[in-house]
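J.: Structure: data_2.cif, mmCIF, N, CA and C atoms.
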data_model
#
loop_
_atom_site.label_atom_id
_atom_site.label_comp_id
_atom_site.auth_asym_id
_atom_site.auth_seq_id
_atom_site.Cartn_x
_atom_site.Cartn_y
_atom_site.Cartn_z
N MET I 106 0.85 -1.18 0.00
CA MET I 106 0.00 0.00 0.00
C MET I 106 0.89 1.23 0.00
N THR I 107 0.52 2.20 -0.76
CA THR I 107 1.27 3.46 -0.80
C THR I 107 0.61 4.49 0.11
N ALA I 108 1.32 5.58 0.36
CA ALA I 108 0.76 6.67 1.17
C ALA I 108 -0.52 7.20 0.53
N GLN I 109 -0.52 7.35 -0.80
CA GLN I 109 -1.71 7.86 -1.49
C GLN I 109 -2.91 6.92 -1.28
N GLU I 110 -2.68 5.63 -1.38
CA GLU I 110 -3.77 4.66 -1.17
C GLU I 110 -4.28 4.71 0.27
N LEU I 111 -3.35 4.83 1.23
CA LEU I 111 -3.74 4.91 2.64
C LEU I 111 -4.53 6.18 2.90
N ILE I 112 -4.08 7.30 2.36
CA ILE I 112 -4.79 8.57 2.55
C ILE I 112 -6.20 8.49 2.00
N GLN I 113 -6.35 7.89 0.83
CA GLN I 113 -7.69 7.74 0.24
C GLN I 113 -8.60 6.91 1.15
N LEU I 114 -8.07 5.84 1.71
CA LEU I 114 -8.86 5.01 2.62
C LEU I 114 -9.20 5.76 3.91
N LEU I 115 -8.21 6.47 4.45
CA LEU I 115 -8.43 7.21 5.70
C LEU I 115 -9.47 8.31 5.53
N GLN I 116 -9.52 8.93 4.36
CA GLN I 116 -10.49 10.00 4.12
C GLN I 116 -11.93 9.50 4.11
N THR I 117 -12.12 8.19 4.02
CA THR I 117 -13.48 7.64 4.04
C THR I 117 -13.96 7.36 5.46
N LEU I 118 -13.08 7.49 6.45
CA LEU I 118 -13.41 7.16 7.84
C LEU I 118 -13.84 8.40 8.63
N PRO I 119 -14.65 8.20 9.67
CA PRO I 119 -14.93 9.32 10.57
C PRO I 119 -13.61 9.80 11.19
N PRO I 120 -13.44 11.11 11.38
CA PRO I 120 -12.17 11.68 11.85
C PRO I 120 -11.67 11.14 13.19
N HIS I 121 -12.55 10.67 14.04
CA HIS I 121 -12.12 10.22 15.37
C HIS I 121 -11.97 8.70 15.45
N THR I 122 -11.89 8.04 14.29
CA THR I 122 -11.70 6.59 14.28
C THR I 122 -10.34 6.25 14.88
N LYS I 123 -10.32 5.34 15.86
CA LYS I 123 -9.07 4.92 16.50
C LYS I 123 -8.25 4.07 15.54
N MET I 124 -6.95 4.31 15.50
CA MET I 124 -6.03 3.55 14.64
C MET I 124 -5.12 2.74 15.55
N VAL I 125 -4.96 1.44 15.27
CA VAL I 125 -4.15 0.55 16.10
C VAL I 125 -3.27 -0.34 15.24
N VAL I 126 -2.31 -1.00 15.88
CA VAL I 126 -1.49 -2.03 15.25
C VAL I 126 -1.61 -3.30 16.08
N ARG I 127 -1.35 -4.43 15.47
CA ARG I 127 -1.44 -5.70 16.19
C ARG I 127 -0.41 -5.75 17.30
N GLY I 128 -0.79 -6.39 18.42
CA GLY I 128 0.12 -6.60 19.54
C GLY I 128 1.13 -7.68 19.24
N TYR I 129 2.06 -7.88 20.15
CA TYR I 129 3.15 -8.84 19.97
C TYR I 129 2.63 -10.25 19.72
N GLU I 130 1.75 -10.74 20.57
CA GLU I 130 1.19 -12.07 20.38
C GLU I 130 -0.32 -12.05 20.20
N ASP I 131 -0.99 -11.05 20.74
CA ASP I 131 -2.44 -11.02 20.69
C ASP I 131 -2.89 -9.58 20.94
N GLY I 132 -4.09 -9.26 20.57
CA GLY I 132 -4.66 -7.95 20.85
C GLY I 132 -4.11 -6.86 19.94
N TYR I 133 -4.32 -5.62 20.38
CA TYR I 133 -3.95 -4.44 19.59
C TYR I 133 -3.31 -3.39 20.48
N ASN I 134 -2.49 -2.52 19.90
CA ASN I 134 -1.85 -1.41 20.60
C ASN I 134 -2.07 -0.11 19.83
N ASP I 135 -1.98 1.00 20.56
CA ASP I 135 -2.03 2.32 19.92
C ASP I 135 -0.80 2.49 19.03
N ILE I 136 -0.96 3.23 17.94
CA ILE I 136 0.18 3.64 17.13
C ILE I 136 0.84 4.80 17.86
N LEU I 137 2.12 4.66 18.15
CA LEU I 137 2.83 5.67 18.92
C LEU I 137 3.64 6.61 18.05
N LYS I 138 4.17 6.10 16.95
CA LYS I 138 4.96 6.95 16.07
C LYS I 138 5.09 6.28 14.71
N LEU I 139 5.53 7.05 13.76
CA LEU I 139 5.80 6.56 12.41
C LEU I 139 7.31 6.54 12.23
N ASN I 140 7.86 5.37 11.95
CA ASN I 140 9.30 5.22 11.76
C ASN I 140 9.62 5.11 10.27
N GLU I 141 10.55 5.93 9.79
CA GLU I 141 11.02 5.79 8.43
C GLU I 141 12.01 4.63 8.39
N VAL I 142 11.81 3.69 7.47
CA VAL I 142 12.68 2.53 7.33
C VAL I 142 13.00 2.30 5.86
N LYS I 143 14.04 1.51 5.60
CA LYS I 143 14.33 1.02 4.25
C LYS I 143 14.20 -0.49 4.32
N ILE I 144 13.47 -1.06 3.36
CA ILE I 144 13.19 -2.48 3.39
C ILE I 144 13.51 -3.13 2.05
N LYS I 145 13.61 -4.44 2.07
CA LYS I 145 13.74 -5.21 0.84
C LYS I 145 12.97 -6.51 1.03
N PRO I 146 12.49 -7.11 -0.07
CA PRO I 146 11.77 -8.37 0.04
C PRO I 146 12.68 -9.46 0.61
N LYS I 147 12.11 -10.33 1.41
CA LYS I 147 12.83 -11.50 1.94
C LYS I 147 12.34 -12.70 1.14
N ALA I 148 13.16 -13.18 0.23
CA ALA I 148 12.76 -14.22 -0.71
C ALA I 148 12.31 -15.51 -0.04
N ASP I 149 12.95 -15.88 1.06
CA ASP I 149 12.64 -17.16 1.69
C ASP I 149 11.76 -17.01 2.94
N ALA I 150 11.01 -15.93 3.03
CA ALA I 150 10.17 -15.69 4.21
C ALA I 150 9.03 -16.71 4.26
N VAL I 151 8.90 -17.36 5.39
CA VAL I 151 7.76 -18.26 5.59
C VAL I 151 6.57 -17.43 6.05
N TRP I 152 5.39 -18.00 6.04
CA TRP I 152 4.15 -17.25 6.25
C TRP I 152 4.09 -16.52 7.58
N TYR I 153 4.76 -17.00 8.61
CA TYR I 153 4.65 -16.37 9.94
C TYR I 153 5.70 -15.29 10.18
N TYR I 154 6.54 -15.01 9.19
CA TYR I 154 7.48 -13.89 9.25
C TYR I 154 7.03 -12.81 8.28
N GLY I 155 7.53 -11.62 8.48
CA GLY I 155 7.21 -10.54 7.57
C GLY I 155 7.77 -10.78 6.18
N GLU I 156 7.12 -10.20 5.21
CA GLU I 156 7.51 -10.35 3.80
C GLU I 156 8.75 -9.53 3.47
N TYR I 157 9.08 -8.54 4.31
CA TYR I 157 10.21 -7.64 4.07
C TYR I 157 11.14 -7.64 5.28
N VAL I 158 12.41 -7.24 5.06
CA VAL I 158 13.39 -7.09 6.12
C VAL I 158 14.05 -5.72 5.98
N ASP I 159 14.64 -5.24 7.08
CA ASP I 159 15.39 -3.98 7.04
C ASP I 159 16.61 -4.12 6.15
N THR I 160 17.00 -3.01 5.53
CA THR I 160 18.20 -3.00 4.69
C THR I 160 18.80 -1.60 4.67
N ASN I 161 20.08 -1.56 4.39
CA ASN I 161 20.77 -0.29 4.15
C ASN I 161 21.20 -0.20 2.70
N ASP I 162 20.80 -1.18 1.88
CA ASP I 162 21.14 -1.20 0.46
C ASP I 162 20.63 0.06 -0.23
N SER I 163 21.38 0.52 -1.22
CA SER I 163 20.96 1.70 -1.97
C SER I 163 19.66 1.45 -2.73
N GLU I 164 19.35 0.18 -3.01
CA GLU I 164 18.12 -0.16 -3.71
C GLU I 164 16.97 -0.46 -2.76
N GLY I 165 17.17 -0.23 -1.46
CA GLY I 165 16.11 -0.47 -0.48
C GLY I 165 14.89 0.39 -0.77
N ILE I 166 13.74 -0.12 -0.38
CA ILE I 166 12.46 0.58 -0.60
C ILE I 166 12.16 1.45 0.61
N PRO I 167 12.03 2.78 0.45
CA PRO I 167 11.64 3.62 1.58
C PRO I 167 10.21 3.27 2.01
N ALA I 168 10.00 3.14 3.30
CA ALA I 168 8.68 2.78 3.82
C ALA I 168 8.48 3.41 5.19
N ILE I 169 7.25 3.36 5.67
CA ILE I 169 6.90 3.86 7.00
C ILE I 169 6.41 2.69 7.84
N ASP I 170 7.02 2.52 9.00
CA ASP I 170 6.62 1.50 9.97
C ASP I 170 5.69 2.16 10.98
N LEU I 171 4.43 1.71 11.04
CA LEU I 171 3.48 2.20 12.04
C LEU I 171 3.82 1.48 13.34
N PHE I 172 4.50 2.17 14.25
CA PHE I 172 5.04 1.56 15.46
C PHE I 172 4.08 1.69 16.63
N GLY I 173 3.91 0.62 17.37
CA GLY I 173 3.10 0.65 18.58
C GLY I 173 3.48 -0.49 19.50
N VAL I 174 3.47 -0.23 20.80
CA VAL I 174 3.73 -1.24 21.82
C VAL I 174 2.77 -1.02 22.98
N ASN I 175 2.61 -2.03 23.81
CA ASN I 175 1.83 -1.91 25.03
C ASN I 175 2.69 -1.18 26.05
N GLN I 176 2.26 -0.02 26.49
CA GLN I 176 3.06 0.80 27.39
C GLN I 176 2.79 0.52 28.87
N ARG I 177 1.89 -0.40 29.15
CA ARG I 177 1.60 -0.72 30.55
C ARG I 177 2.76 -1.48 31.17
N VAL I 178 2.95 -1.28 32.49
CA VAL I 178 4.01 -2.00 33.21
C VAL I 178 3.65 -3.49 33.22
N LYS I 179 4.63 -4.31 32.89
CA LYS I 179 4.41 -5.75 32.88
C LYS I 179 4.59 -6.31 34.29
N ASP I 180 3.57 -6.99 34.83
CA ASP I 180 3.66 -7.57 36.18
C ASP I 180 4.82 -8.56 36.29
N ASP I 181 5.07 -9.30 35.22
CA ASP I 181 6.12 -10.32 35.29
C ASP I 181 7.53 -9.74 35.15
N LEU I 182 7.63 -8.44 34.93
CA LEU I 182 8.94 -7.80 34.83
C LEU I 182 9.31 -7.04 36.11
N ILE I 183 8.40 -7.00 37.07
CA ILE I 183 8.66 -6.24 38.31
C ILE I 183 9.33 -7.15 39.33
#
Take the structure in the file and give it back as structure tokens.
T.:
Amino acid sequence: MTAQELIQLLQTLPPHTKMVVRGYEDGYNDILKLNEVKIKPKADAVWYYGEYVDTNDSEGIPAIDLFGVNQRVKDDLI
């Protein structure tokens, strides 16, 4: 999806629609920031891994990572 395609889709939504990203194993998290990344296709990616990987190659594809994590304190980390 390109930025233009995303913008077109977002313009069809009510302005106060909540935007989230999938959690680490389950559920959803708030989007906290947009990270600029360079990616390239991962030819041998199996279905449970992402289709792309980070790269510093000059031919890398500029992309935006919608970043989000659960910011609550983890009981098992205290």
J.: Apply DSSP to the structure's backbone, then extract all residues of chain I labelled strand (DSSP E or B) and return them as a ChimeraX atom specification.
T.: /I:125-127,133-135,138-146,157-159,166-172
J.: Could you take the residues named above and write them with N, CA and C atoms, as a PDB file, in the frame of the given file?
T.:
ATOM      1  N   VAL I 125      -4.960   1.440  15.270  1.00  0.00           N
ATOM      2  CA  VAL I 125      -4.150   0.550  16.100  1.00  0.00           C
ATOM      3  C   VAL I 125      -3.270  -0.340  15.240  1.00  0.00           C
ATOM      4  N   VAL I 126      -2.310  -1.000  15.880  1.00  0.00           N
ATOM      5  CA  VAL I 126      -1.490  -2.030  15.250  1.00  0.00           C
ATOM      6  C   VAL I 126      -1.610  -3.300  16.080  1.00  0.00           C
ATOM      7  N   ARG I 127      -1.350  -4.430  15.470  1.00  0.00           N
ATOM      8  CA  ARG I 127      -1.440  -5.700  16.190  1.00  0.00           C
ATOM      9  C   ARG I 127      -0.410  -5.750  17.300  1.00  0.00           C
ATOM     10  N   TYR I 133      -4.320  -5.620  20.380  1.00  0.00           N
ATOM     11  CA  TYR I 133      -3.950  -4.440  19.590  1.00  0.00           C
ATOM     12  C   TYR I 133      -3.310  -3.390  20.480  1.00  0.00           C
ATOM     13  N   ASN I 134      -2.490  -2.520  19.900  1.00  0.00           N
ATOM     14  CA  ASN I 134      -1.850  -1.410  20.600  1.00  0.00           C
ATOM     15  C   ASN I 134      -2.070  -0.110  19.830  1.00  0.00           C
ATOM     16  N   ASP I 135      -1.980   1.000  20.560  1.00  0.00           N
ATOM     17  CA  ASP I 135      -2.030   2.320  19.920  1.00  0.00           C
ATOM     18  C   ASP I 135      -0.800   2.490  19.030  1.00  0.00           C
ATOM     19  N   LYS I 138       4.170   6.100  16.950  1.00  0.00           N
ATOM     20  CA  LYS I 138       4.960   6.950  16.070  1.00  0.00           C
ATOM     21  C   LYS I 138       5.090   6.280  14.710  1.00  0.00           C
ATOM     22  N   LEU I 139       5.530   7.050  13.760  1.00  0.00           N
ATOM     23  CA  LEU I 139       5.800   6.560  12.410  1.00  0.00           C
ATOM     24  C   LEU I 139       7.310   6.540  12.230  1.00  0.00           C
ATOM     25  N   ASN I 140       7.860   5.370  11.950  1.00  0.00           N
ATOM     26  CA  ASN I 140       9.300   5.220  11.760  1.00  0.00           C
ATOM     27  C   ASN I 140       9.620   5.110  10.270  1.00  0.00           C
ATOM     28  N   GLU I 141      10.550   5.930   9.790  1.00  0.00           N
ATOM     29  CA  GLU I 141      11.020   5.790   8.430  1.00  0.00           C
ATOM     30  C   GLU I 141      12.010   4.630   8.390  1.00  0.00           C
ATOM     31  N   VAL I 142      11.810   3.690   7.470  1.00  0.00           N
ATOM     32  CA  VAL I 142      12.680   2.530   7.330  1.00  0.00           C
ATOM     33  C   VAL I 142      13.000   2.300   5.860  1.00  0.00           C
ATOM     34  N   LYS I 143      14.040   1.510   5.600  1.00  0.00           N
ATOM     35  CA  LYS I 143      14.330   1.020   4.250  1.00  0.00           C
ATOM     36  C   LYS I 143      14.200  -0.490   4.320  1.00  0.00           C
ATOM     37  N   ILE I 144      13.470  -1.060   3.360  1.00  0.00           N
ATOM     38  CA  ILE I 144      13.190  -2.480   3.390  1.00  0.00           C
ATOM     39  C   ILE I 144      13.510  -3.130   2.050  1.00  0.00           C
ATOM     40  N   LYS I 145      13.610  -4.440   2.070  1.00  0.00           N
ATOM     41  CA  LYS I 145      13.740  -5.210   0.840  1.00  0.00           C
ATOM     42  C   LYS I 145      12.970  -6.510   1.030  1.00  0.00           C
ATOM     43  N   PRO I 146      12.490  -7.110  -0.070  1.00  0.00           N
ATOM     44  CA  PRO I 146      11.770  -8.370   0.040  1.00  0.00           C
ATOM     45  C   PRO I 146      12.680  -9.460   0.610  1.00  0.00           C
ATOM     46  N   TYR I 157       9.080  -8.540   4.310  1.00  0.00           N
ATOM     47  CA  TYR I 157      10.210  -7.640   4.070  1.00  0.00           C
ATOM     48  C   TYR I 157      11.140  -7.640   5.280  1.00  0.00           C
ATOM     49  N   VAL I 158      12.410  -7.240   5.060  1.00  0.00           N
ATOM     50  CA  VAL I 158      13.390  -7.090   6.120  1.00  0.00           C
ATOM     51  C   VAL I 158      14.050  -5.720   5.980  1.00  0.00           C
ATOM     52  N   ASP I 159      14.640  -5.240   7.080  1.00  0.00           N
ATOM     53  CA  ASP I 159      15.390  -3.980   7.040  1.00  0.00           C
ATOM     54  C   ASP I 159      16.610  -4.120   6.150  1.00  0.00           C
ATOM     55  N   ILE I 166      13.740  -0.120  -0.380  1.00  0.00           N
ATOM     56  CA  ILE I 166      12.460   0.580  -0.600  1.00  0.00           C
ATOM     57  C   ILE I 166      12.160   1.450   0.610  1.00  0.00           C
ATOM     58  N   PRO I 167      12.030   2.780   0.450  1.00  0.00           N
ATOM     59  CA  PRO I 167      11.640   3.620   1.580  1.00  0.00           C
ATOM     60  C   PRO I 167      10.210   3.270   2.010  1.00  0.00           C
ATOM     61  N   ALA I 168      10.000   3.140   3.300  1.00  0.00           N
ATOM     62  CA  ALA I 168       8.680   2.780   3.820  1.00  0.00           C
ATOM     63  C   ALA I 168       8.480   3.410   5.190  1.00  0.00           C
ATOM     64  N   ILE I 169       7.250   3.360   5.670  1.00  0.00           N
ATOM     65  CA  ILE I 169       6.900   3.860   7.000  1.00  0.00           C
ATOM     66  C   ILE I 169       6.410   2.690   7.840  1.00  0.00           C
ATOM     67  N   ASP I 170       7.020   2.520   9.000  1.00  0.00           N
ATOM     68  CA  ASP I 170       6.620   1.500   9.970  1.00  0.00           C
ATOM     69  C   ASP I 170       5.690   2.160  10.980  1.00  0.00           C
ATOM     70  N   LEU I 171       4.430   1.710  11.040  1.00  0.00           N
ATOM     71  CA  LEU I 171       3.480   2.200  12.040  1.00  0.00           C
ATOM     72  C   LEU I 171       3.820   1.480  13.340  1.00  0.00           C
ATOM     73  N   PHE I 172       4.500   2.170  14.250  1.00  0.00           N
ATOM     74  CA  PHE I 172       5.040   1.560  15.460  1.00  0.00           C
ATOM     75  C   PHE I 172       4.080   1.690  16.630  1.00  0.00           C
TER      76      PHE I 172
END
J.: Using the chain letters and numbers from the file, give me the residues hit by the PyMOL selection byres ((chain I and resi 131-145) around 5), as a PyMOL selection string.
T.: chain I and resi 124-130+146-147+157-160+165-173
J.: Enter the distance from atom CA of Gln176 of chain I to atom CA of Lys123 of chain I, in Å, rounded to one decimal.
T.: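 Computing the Euclidean distance for atom CA of Gln176 of chain I and atom CA of Lys123 of chain I yields 16.8 Å.
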J.: How far is it from atom CA of Asp149 of chain I to atom CA of Thr107 of chain I, in Å with one decimal?
T.: 23.7 Å
J.: Please measure the separation of atom C of Val174 of chain I and atom CA of Leu111 of chain I, giving the value in Å to one decimal.
T.: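 Atom CA of Leu111 of chain I lies 22.2 Å from atom C of Val174 of chain I.
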J.: Among chain I, which residues carry a DSSP assignment of alpha helix (DSSP H), reported as an MDAnalysis selection string?
T.: chainID I and resid 108:115
J.: Keeping N, CA and C atoms (and nothing else), can you write segment 143-183 of chain I of this structure as a tab-separated table (two decimals), in the first residue's frame?
T.:
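Contents of decode-v2.tsv, freshly written:
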chain	number	residue	atom	x	y	z
I	143	LYS	N	14.04	1.51	5.60
I	143	LYS	CA	14.33	1.02	4.25
I	143	LYS	C	14.20	-0.49	4.32
I	144	ILE	N	13.47	-1.06	3.36
I	144	ILE	CA	13.19	-2.48	3.39
I	144	ILE	C	13.51	-3.13	2.05
I	145	LYS	N	13.61	-4.44	2.07
I	145	LYS	CA	13.74	-5.21	0.84
I	145	LYS	C	12.97	-6.51	1.03
I	146	PRO	N	12.49	-7.11	-0.07
I	146	PRO	CA	11.77	-8.37	0.04
I	146	PRO	C	12.68	-9.46	0.61
I	147	LYS	N	12.11	-10.33	1.41
I	147	LYS	CA	12.83	-11.50	1.94
I	147	LYS	C	12.34	-12.70	1.14
I	148	ALA	N	13.16	-13.18	0.23
I	148	ALA	CA	12.76	-14.22	-0.71
I	148	ALA	C	12.31	-15.51	-0.04
I	149	ASP	N	12.95	-15.88	1.06
I	149	ASP	CA	12.64	-17.16	1.69
I	149	ASP	C	11.76	-17.01	2.94
I	150	ALA	N	11.01	-15.93	3.03
I	150	ALA	CA	10.17	-15.69	4.21
I	150	ALA	C	9.03	-16.71	4.26
I	151	VAL	N	8.90	-17.36	5.39
I	151	VAL	CA	7.76	-18.26	5.59
I	151	VAL	C	6.57	-17.43	6.05
I	152	TRP	N	5.39	-18.00	6.04
I	152	TRP	CA	4.15	-17.25	6.25
I	152	TRP	C	4.09	-16.52	7.58
I	153	TYR	N	4.76	-17.00	8.61
I	153	TYR	CA	4.65	-16.37	9.94
I	153	TYR	C	5.70	-15.29	10.18
I	154	TYR	N	6.54	-15.01	9.19
I	154	TYR	CA	7.48	-13.89	9.25
I	154	TYR	C	7.03	-12.81	8.28
I	155	GLY	N	7.53	-11.62	8.48
I	155	GLY	CA	7.21	-10.54	7.57
I	155	GLY	C	7.77	-10.78	6.18
I	156	GLU	N	7.12	-10.20	5.21
I	156	GLU	CA	7.51	-10.35	3.80
I	156	GLU	C	8.75	-9.53	3.47
I	157	TYR	N	9.08	-8.54	4.31
I	157	TYR	CA	10.21	-7.64	4.07
I	157	TYR	C	11.14	-7.64	5.28
I	158	VAL	N	12.41	-7.24	5.06
I	158	VAL	CA	13.39	-7.09	6.12
I	158	VAL	C	14.05	-5.72	5.98
I	159	ASP	N	14.64	-5.24	7.08
I	159	ASP	CA	15.39	-3.98	7.04
I	159	ASP	C	16.61	-4.12	6.15
I	160	THR	N	17.00	-3.01	5.53
I	160	THR	CA	18.20	-3.00	4.69
I	160	THR	C	18.80	-1.60	4.67
I	161	ASN	N	20.08	-1.56	4.39
I	161	ASN	CA	20.77	-0.29	4.15
I	161	ASN	C	21.20	-0.20	2.70
I	162	ASP	N	20.80	-1.18	1.88
I	162	ASP	CA	21.14	-1.20	0.46
I	162	ASP	C	20.63	0.06	-0.23
I	163	SER	N	21.38	0.52	-1.22
I	163	SER	CA	20.96	1.70	-1.97
I	163	SER	C	19.66	1.45	-2.73
I	164	GLU	N	19.35	0.18	-3.01
I	164	GLU	CA	18.12	-0.16	-3.71
I	164	GLU	C	16.97	-0.46	-2.76
I	165	GLY	N	17.17	-0.23	-1.46
I	165	GLY	CA	16.11	-0.47	-0.48
I	165	GLY	C	14.89	0.39	-0.77
I	166	ILE	N	13.74	-0.12	-0.38
I	166	ILE	CA	12.46	0.58	-0.60
I	166	ILE	C	12.16	1.45	0.61
I	167	PRO	N	12.03	2.78	0.45
I	167	PRO	CA	11.64	3.62	1.58
I	167	PRO	C	10.21	3.27	2.01
I	168	ALA	N	10.00	3.14	3.30
I	168	ALA	CA	8.68	2.78	3.82
I	168	ALA	C	8.48	3.41	5.19
I	169	ILE	N	7.25	3.36	5.67
I	169	ILE	CA	6.90	3.86	7.00
I	169	ILE	C	6.41	2.69	7.84
I	170	ASP	N	7.02	2.52	9.00
I	170	ASP	CA	6.62	1.50	9.97
I	170	ASP	C	5.69	2.16	10.98
I	171	LEU	N	4.43	1.71	11.04
I	171	LEU	CA	3.48	2.20	12.04
I	171	LEU	C	3.82	1.48	13.34
I	172	PHE	N	4.50	2.17	14.25
I	172	PHE	CA	5.04	1.56	15.46
I	172	PHE	C	4.08	1.69	16.63
I	173	GLY	N	3.91	0.62	17.37
I	173	GLY	CA	3.10	0.65	18.58
I	173	GLY	C	3.48	-0.49	19.50
I	174	VAL	N	3.47	-0.23	20.80
I	174	VAL	CA	3.73	-1.24	21.82
I	174	VAL	C	2.77	-1.02	22.98
I	175	ASN	N	2.61	-2.03	23.81
I	175	ASN	CA	1.83	-1.91	25.03
I	175	ASN	C	2.69	-1.18	26.05
I	176	GLN	N	2.26	-0.02	26.49
I	176	GLN	CA	3.06	0.80	27.39
I	176	GLN	C	2.79	0.52	28.87
I	177	ARG	N	1.89	-0.40	29.15
I	177	ARG	CA	1.60	-0.72	30.55
I	177	ARG	C	2.76	-1.48	31.17
I	178	VAL	N	2.95	-1.28	32.49
I	178	VAL	CA	4.01	-2.00	33.21
I	178	VAL	C	3.65	-3.49	33.22
I	179	LYS	N	4.63	-4.31	32.89
I	179	LYS	CA	4.41	-5.75	32.88
I	179	LYS	C	4.59	-6.31	34.29
I	180	ASP	N	3.57	-6.99	34.83
I	180	ASP	CA	3.66	-7.57	36.18
I	180	ASP	C	4.82	-8.56	36.29
I	181	ASP	N	5.07	-9.30	35.22
I	181	ASP	CA	6.12	-10.32	35.29
I	181	ASP	C	7.53	-9.74	35.15
I	182	LEU	N	7.63	-8.44	34.93
I	182	LEU	CA	8.94	-7.80	34.83
I	182	LEU	C	9.31	-7.04	36.11
I	183	ILE	N	8.40	-7.00	37.07
I	183	ILE	CA	8.66	-6.24	38.31
I	183	ILE	C	9.33	-7.15	39.33
